[in-house]
>>> print(open('protein-v3.tsv').read())   # TSV, C-alpha atoms
chain	number	residue	atom	x	y	z
A	1	MET	CA	82.12	20.88	158.90
A	2	SER	CA	83.14	19.71	162.35
A	3	GLY	CA	83.88	22.20	165.07
A	4	SER	CA	86.42	21.80	167.86
A	5	PRO	CA	86.49	18.32	169.36
A	6	HIS	CA	85.82	19.88	172.77
A	7	GLN	CA	82.63	21.56	171.62
A	8	GLN	CA	79.70	19.21	172.20
A	9	LYS	CA	77.23	18.96	169.36
A	10	LYS	CA	73.59	19.58	170.20
A	11	VAL	CA	71.33	16.76	168.98
A	12	VAL	CA	67.55	16.76	169.32
A	13	VAL	CA	65.75	13.40	169.41
A	14	PHE	CA	62.39	14.32	167.89
A	15	ASP	CA	59.63	13.20	170.24
A	16	TYR	CA	56.48	12.66	168.20
A	17	GLY	CA	55.21	9.57	170.01
A	18	PHE	CA	56.74	6.85	167.81
A	19	GLY	CA	60.18	5.71	168.81
A	20	ASN	CA	62.26	4.56	171.73
A	21	VAL	CA	63.53	8.04	172.47
A	22	ARG	CA	65.21	7.13	175.78
A	23	SER	CA	67.52	4.48	174.28
A	24	ALA	CA	68.37	6.88	171.45
A	25	GLU	CA	69.13	9.62	173.98
A	26	ARG	CA	71.45	7.34	175.98
A	27	ALA	CA	73.29	6.11	172.89
A	28	LEU	CA	73.84	9.62	171.53
A	29	ALA	CA	75.07	10.85	174.92
A	30	ARG	CA	77.46	7.88	175.04
A	31	ALA	CA	78.71	8.92	171.60
A	32	GLY	CA	79.49	12.40	172.91
A	33	ALA	CA	76.49	14.56	171.98
A	34	ASP	CA	74.55	17.02	174.11
A	35	VAL	CA	71.10	15.45	173.70
A	36	GLU	CA	67.58	16.70	174.28
A	37	ILE	CA	64.29	14.86	173.70
A	38	THR	CA	61.69	17.36	172.49
A	39	ARG	CA	59.13	18.22	169.84
A	40	ASP	CA	59.77	21.95	170.30
A	41	TYR	CA	59.90	23.53	166.85
A	42	ASP	CA	62.72	26.02	167.49
A	43	LYS	CA	64.92	23.53	169.33
A	44	ALA	CA	64.44	20.94	166.59
A	45	MET	CA	65.22	23.50	163.90
A	46	ASN	CA	68.30	24.94	165.60
A	47	ALA	CA	70.05	21.77	166.83
A	48	ASP	CA	73.27	20.69	165.12
A	49	GLY	CA	71.60	17.36	164.34
A	50	LEU	CA	68.02	16.06	164.39
A	51	LEU	CA	67.38	12.37	165.01
A	52	VAL	CA	63.99	10.99	163.93
A	53	PRO	CA	63.29	7.58	165.49
A	54	GLY	CA	60.32	5.43	164.53
A	55	VAL	CA	58.61	2.20	165.55
A	56	GLY	CA	55.34	0.58	164.56
A	57	ALA	CA	53.30	1.19	161.43
A	58	PHE	CA	54.39	3.51	158.61
A	59	ALA	CA	50.97	5.24	158.40
A	60	SER	CA	50.78	5.83	162.16
A	61	CYS	CA	54.29	7.28	162.26
A	62	MET	CA	53.46	9.65	159.41
A	63	THR	CA	50.28	10.80	161.17
A	64	GLY	CA	52.18	11.43	164.41
A	65	LEU	CA	55.00	13.22	162.60
A	66	ARG	CA	52.58	15.54	160.78
A	67	GLU	CA	50.70	16.33	163.97
A	68	ALA	CA	54.00	17.36	165.57
A	69	ARG	CA	54.99	19.40	162.46
A	70	GLY	CA	57.91	17.03	162.02
A	71	ASP	CA	57.35	16.81	158.26
A	72	TRP	CA	57.80	20.59	158.01
A	73	ILE	CA	60.86	20.55	160.32
A	74	VAL	CA	62.61	17.80	158.33
A	75	ASP	CA	61.92	19.56	155.05
A	76	ARG	CA	63.07	22.97	156.33
A	77	ARG	CA	66.24	21.57	157.89
A	78	LEU	CA	67.19	19.70	154.72
A	79	SER	CA	66.49	22.68	152.48
A	80	GLY	CA	69.05	24.56	154.59
A	81	GLY	CA	71.56	21.68	154.57
A	82	ARG	CA	71.00	20.95	158.28
A	83	PRO	CA	71.68	17.30	159.23
A	84	VAL	CA	68.82	14.88	159.85
A	85	MET	CA	69.11	11.16	160.68
A	86	GLY	CA	66.24	8.67	160.57
A	87	ILE	CA	66.19	5.29	162.34
A	88	CYS	CA	64.03	2.23	161.52
A	89	VAL	CA	60.54	3.50	160.59
A	90	GLY	CA	62.12	6.96	160.90
A	91	MET	CA	64.11	5.94	157.82
A	92	GLN	CA	61.17	4.33	156.02
A	93	ILE	CA	58.99	7.46	156.18
A	94	LEU	CA	61.67	9.38	154.26
A	95	PHE	CA	60.65	7.46	151.14
A	96	ALA	CA	57.74	8.33	148.87
A	97	ARG	CA	55.29	5.72	150.09
A	98	GLY	CA	54.73	2.80	152.42
A	99	ILE	CA	52.58	-0.21	151.56
A	100	GLU	CA	51.17	-2.16	154.51
A	101	HIS	CA	48.43	-4.80	154.22
A	102	GLY	CA	47.76	-3.58	150.68
A	103	VAL	CA	47.19	0.00	151.83
A	104	GLU	CA	49.45	2.71	150.42
A	105	SER	CA	50.41	5.68	152.63
A	106	GLU	CA	52.29	8.82	151.62
A	107	GLY	CA	55.75	9.32	153.07
A	108	LEU	CA	57.93	12.44	153.20
A	109	ASP	CA	59.16	11.78	149.65
A	110	GLU	CA	62.72	12.88	150.33
A	111	TRP	CA	63.69	9.78	148.34
A	112	PRO	CA	61.69	7.99	145.65
A	113	GLY	CA	60.67	4.42	146.31
A	114	SER	CA	58.28	2.19	148.23
A	115	VAL	CA	58.57	0.55	151.62
A	116	GLU	CA	57.09	-2.91	151.10
A	117	PRO	CA	56.81	-6.21	153.01
A	118	LEU	CA	60.07	-8.12	153.39
A	119	GLN	CA	60.40	-10.96	150.91
A	120	ALA	CA	61.67	-13.69	153.23
A	121	ASP	CA	60.58	-16.97	154.77
A	122	VAL	CA	60.80	-15.57	158.30
A	123	VAL	CA	59.23	-12.19	159.08
A	124	PRO	CA	59.89	-10.03	161.00
A	125	HIS	CA	63.62	-9.77	160.45
A	126	MET	CA	64.65	-9.66	164.09
A	127	GLY	CA	68.19	-9.88	165.40
A	128	TRP	CA	71.77	-9.24	164.33
A	129	ASN	CA	72.89	-9.00	160.72
A	130	THR	CA	75.84	-7.75	158.71
A	131	VAL	CA	75.67	-5.04	156.06
A	132	GLU	CA	77.49	-4.30	152.83
A	133	ALA	CA	78.61	-0.73	153.46
A	134	ALA	CA	78.70	1.67	150.53
A	135	PRO	CA	82.18	2.47	149.18
A	136	GLY	CA	83.53	5.60	150.86
A	137	SER	CA	80.87	5.53	153.58
A	138	GLN	CA	81.42	8.02	156.41
A	139	LEU	CA	78.70	6.38	158.50
A	140	PHE	CA	80.53	3.02	158.63
A	141	ALA	CA	84.05	4.49	158.77
A	142	GLY	CA	86.36	2.52	161.07
A	143	LEU	CA	83.94	-0.40	161.37
A	144	ASP	CA	84.88	-3.97	160.56
A	145	PRO	CA	83.13	-5.35	157.42
A	146	ASP	CA	81.82	-8.16	159.65
A	147	ALA	CA	80.26	-5.74	162.17
A	148	ARG	CA	76.71	-6.72	163.04
A	149	PHE	CA	73.74	-4.44	163.67
A	150	TYR	CA	70.40	-5.04	165.34
A	151	PHE	CA	67.32	-5.14	163.10
A	152	VAL	CA	63.61	-5.40	163.97
A	153	HIS	CA	61.35	-4.86	160.96
A	154	SER	CA	58.81	-6.48	158.64
A	155	TYR	CA	59.08	-3.91	155.82
A	156	ALA	CA	61.95	-2.51	153.78
A	157	VAL	CA	62.98	-0.78	150.56
A	158	HIS	CA	64.16	-3.38	148.05
A	159	ASP	CA	64.90	-1.05	145.11
A	160	TRP	CA	66.94	2.16	145.23
A	161	SER	CA	65.78	4.37	142.35
A	162	LEU	CA	67.24	7.83	142.98
A	163	GLU	CA	69.66	8.74	140.22
A	164	THR	CA	72.07	11.68	140.32
A	165	HIS	CA	72.93	13.00	136.88
A	166	ASN	CA	74.66	16.21	137.97
A	167	PRO	CA	78.40	15.44	138.39
A	168	ALA	CA	78.67	18.37	140.82
A	169	ILE	CA	76.31	16.60	143.24
A	170	GLU	CA	77.69	13.65	145.14
A	171	ALA	CA	75.65	10.49	144.55
A	172	PRO	CA	73.98	9.03	147.63
A	173	LYS	CA	75.87	6.23	149.39
A	174	VAL	CA	73.54	3.24	149.82
A	175	THR	CA	74.33	0.37	152.19
A	176	TRP	CA	72.57	-2.97	151.78
A	177	SER	CA	71.73	-5.97	153.92
A	178	THR	CA	69.97	-9.22	153.06
A	179	HIS	CA	67.05	-11.03	154.65
A	180	GLY	CA	65.55	-13.21	151.98
A	181	LYS	CA	66.12	-10.52	149.36
A	182	PRO	CA	68.58	-7.59	149.57
A	183	PHE	CA	67.14	-4.42	151.08
A	184	VAL	CA	68.38	-0.89	151.85
A	185	ALA	CA	70.03	-0.90	155.29
A	186	ALA	CA	71.35	2.68	155.34
A	187	VAL	CA	71.63	5.79	153.18
A	188	GLU	CA	73.97	8.80	153.27
A	189	ASN	CA	72.62	11.56	151.05
A	190	GLY	CA	74.03	15.01	151.76
A	191	ALA	CA	72.55	16.22	155.04
A	192	LEU	CA	70.11	13.30	155.23
A	193	TRP	CA	71.33	10.00	156.67
A	194	ALA	CA	69.28	7.02	157.82
A	195	THR	CA	69.52	3.42	159.00
A	196	GLN	CA	66.96	0.60	158.87
A	197	PHE	CA	68.65	-1.06	161.86
A	198	HIS	CA	68.81	0.34	165.40
A	199	PRO	CA	72.29	1.78	166.08
A	200	GLU	CA	71.17	2.57	169.64
A	201	LYS	CA	70.68	-1.18	170.22
A	202	SER	CA	73.76	-2.31	168.27
A	203	GLY	CA	76.42	-2.20	170.99
A	204	ASP	CA	79.90	-0.92	170.17
A	205	ALA	CA	79.30	-0.97	166.40
A	206	GLY	CA	76.21	1.20	166.79
A	207	ALA	CA	78.06	3.55	169.14
A	208	GLN	CA	80.85	3.97	166.57
A	209	LEU	CA	78.30	4.67	163.86
A	210	LEU	CA	76.58	7.38	165.94
A	211	THR	CA	79.98	8.85	166.81
A	212	ASN	CA	80.72	9.01	163.07
A	213	TRP	CA	77.44	10.88	162.44
A	214	ILE	CA	78.02	13.32	165.30
A	215	GLY	CA	81.52	13.95	163.94
A	216	THR	CA	80.03	15.31	160.71
A	217	LEU	CA	77.69	17.82	162.40
>>> encode(input="protein-v3.tsv", output="structure tokens")
Amino acid sequence: MSGSPHQQKKVVVFDYGFGNVRSAERALARAGADVEITRDYDKAMNADGLLVPGVGAFASCMTGLREARGDWIVDRRLSGGRPVMGICVGMQILFARGIEHGVESEGLDEWPGSVEPLQADVVPHMGWNTVEAAPGSQLFAGLDPDARFYFVHSYAVHDWSLETHNPAIEAPKVTWSTHGKPFVAAVENGALWATQFHPEKSGDAGAQLLTNWIGTL
């Protein structure tokens, strides 16, 4: 539930050594949040929103996140319905496993599924691409269907397998993009949202998307 529009939302960019935290900080501040870069447990737990960036290898990000107790923080926040947003590899590690160079690494397992190499002629997928936003998406609200977002990745989730059988629980909203084969570009699932692309590097469209997230905190 949003508070007064004049009350700035506190967002922590989780600093665990894997992610361009400065560009995320600037983009969130531009979108109207009160932002702090930290790995402090209490600050990360108590912020209105927690942003988990991520660059590089899945396994390395998971190691860094565990060392900073980020796995515990994400789990505790979500169990209390406190918003978390993952970006790029920060989205990938929310899935059950990542497979790189034939080696399987455990993820946070907030969502079932595997992060696997992109199935395309040109890898990495680097540059601007459109997405097919999920019907009723809050994340992409107010954005043109032709809006483009900035991607840099060699791995993705090609199959969404989480099913919601309880009619009282809203089904996750899954947004897709295509590079070779369709892949998951964003997810909105209760308090947990994530994007494979970099909203902080996606100009006005990315700024609108972050503003939409902050508006839900």
>>> residues_around(input="protein-v3.tsv", residues="Gly113 in chain A", least_positions_apart="2", cutoff="8 Å", atoms="all atoms listed in the file", output="number ranges by chain")
A: 95-97, 111, 115, 157, 159-161
>>> closest_residue(input="protein-v3.tsv", among="A:Gln7, A:Ser154, A:Thr178, A:Ser114", to="Gly215 in chain A", atoms="all atoms listed in the file")
A:Gln7
>>> residues_around(input="protein-v3.tsv", residues="Thr38 in chain A", least_positions_apart="3", cutoff="10 Å", atoms="all atoms listed in the file", output="ChimeraX atom specification")
/A:12-16,21,35,41,43-44
>>> residues_around(input="protein-v3.tsv", residues="Gly206 in chain A", least_positions_apart="3", cutoff="10 Å", atoms="all atoms listed in the file", output="list in words")
Ala27, Leu28, Ala31, Phe140, Leu143, Ala147, Arg148, Phe149, Tyr150, Phe197, His198, Pro199, Glu200, Lys201, Ser202, Gly203, Leu209, Leu210, Thr211 and Asn212 of chain A
>>> closest_residue(input="protein-v3.tsv", among="A:Pro135, A:Gly142, A:Gly56, A:Gly107", to="Val187 in chain A", atoms="all atoms listed in the file")
A:Pro135
>>> residues_around(input="protein-v3.tsv", residues="Cys61 in chain A", least_positions_apart="5", cutoff="12 Å", atoms="only C-alpha atoms", output="count of residues only")
27
>>> atom_distance(input="protein-v3.tsv", atom1="CA of Lys10 in chain A", atom2="CA of Trp213 in chain A")
12.3 Å
>>> atom_distance(input="protein-v3.tsv", atom1="CA of Phe58 in chain A", atom2="CA of Asp42 in chain A")
25.6 Å
>>> atom_distance(input="protein-v3.tsv", atom1="CA of Ala186 in chain A", atom2="CA of Val174 in chain A")
6.0 Å
>>> residues_near_point(input="protein-v3.tsv", point="(74.9, -5.9, 156.8)", cutoff="8 Å", atoms="all atoms listed in the file", output="list in words")
Asn129, Thr130, Val131, Glu132, Ala133, Asp146, Ala147, Arg148, Phe149, Thr175, Trp176, Ser177, Thr178 and Ala185 of chain A
>>> closest_residue(input="protein-v3.tsv", among="A:Pro182, A:Gln119, A:Arg39, A:Gly32", to="Gly64 in chain A", atoms="all atoms listed in the file")
A:Arg39
>>> closest_residue(input="protein-v3.tsv", among="A:Asp204, A:Gly127, A:Ser137, A:Gln196", to="Pro172 in chain A", atoms="all atoms listed in the file")
A:Ser137
>>> axis_aligned_box(input="protein-v3.tsv", around="range 145-159 of chain A", padding_each_side="5 Å", output="JSON")
{"center_x": 71.0, "center_y": -4.5, "center_z": 155.2, "size_x": 34.3, "size_y": 17.4, "size_z": 30.2}
>>> residues_around(input="protein-v3.tsv", residues="range 83-86 of chain A", least_positions_apart="6", cutoff="7 Å", atoms="all atoms listed in the file", output="JSON, numbers by chain")
{"A": [48, 49, 50, 51, 52, 53, 191, 192, 193, 194, 195, 217]}
>>> closest_residue(input="protein-v3.tsv", among="A:Val184, A:Leu139, A:Leu118, A:Ala156", to="Gln208 in chain A", atoms="all atoms listed in the file")
A:Leu139
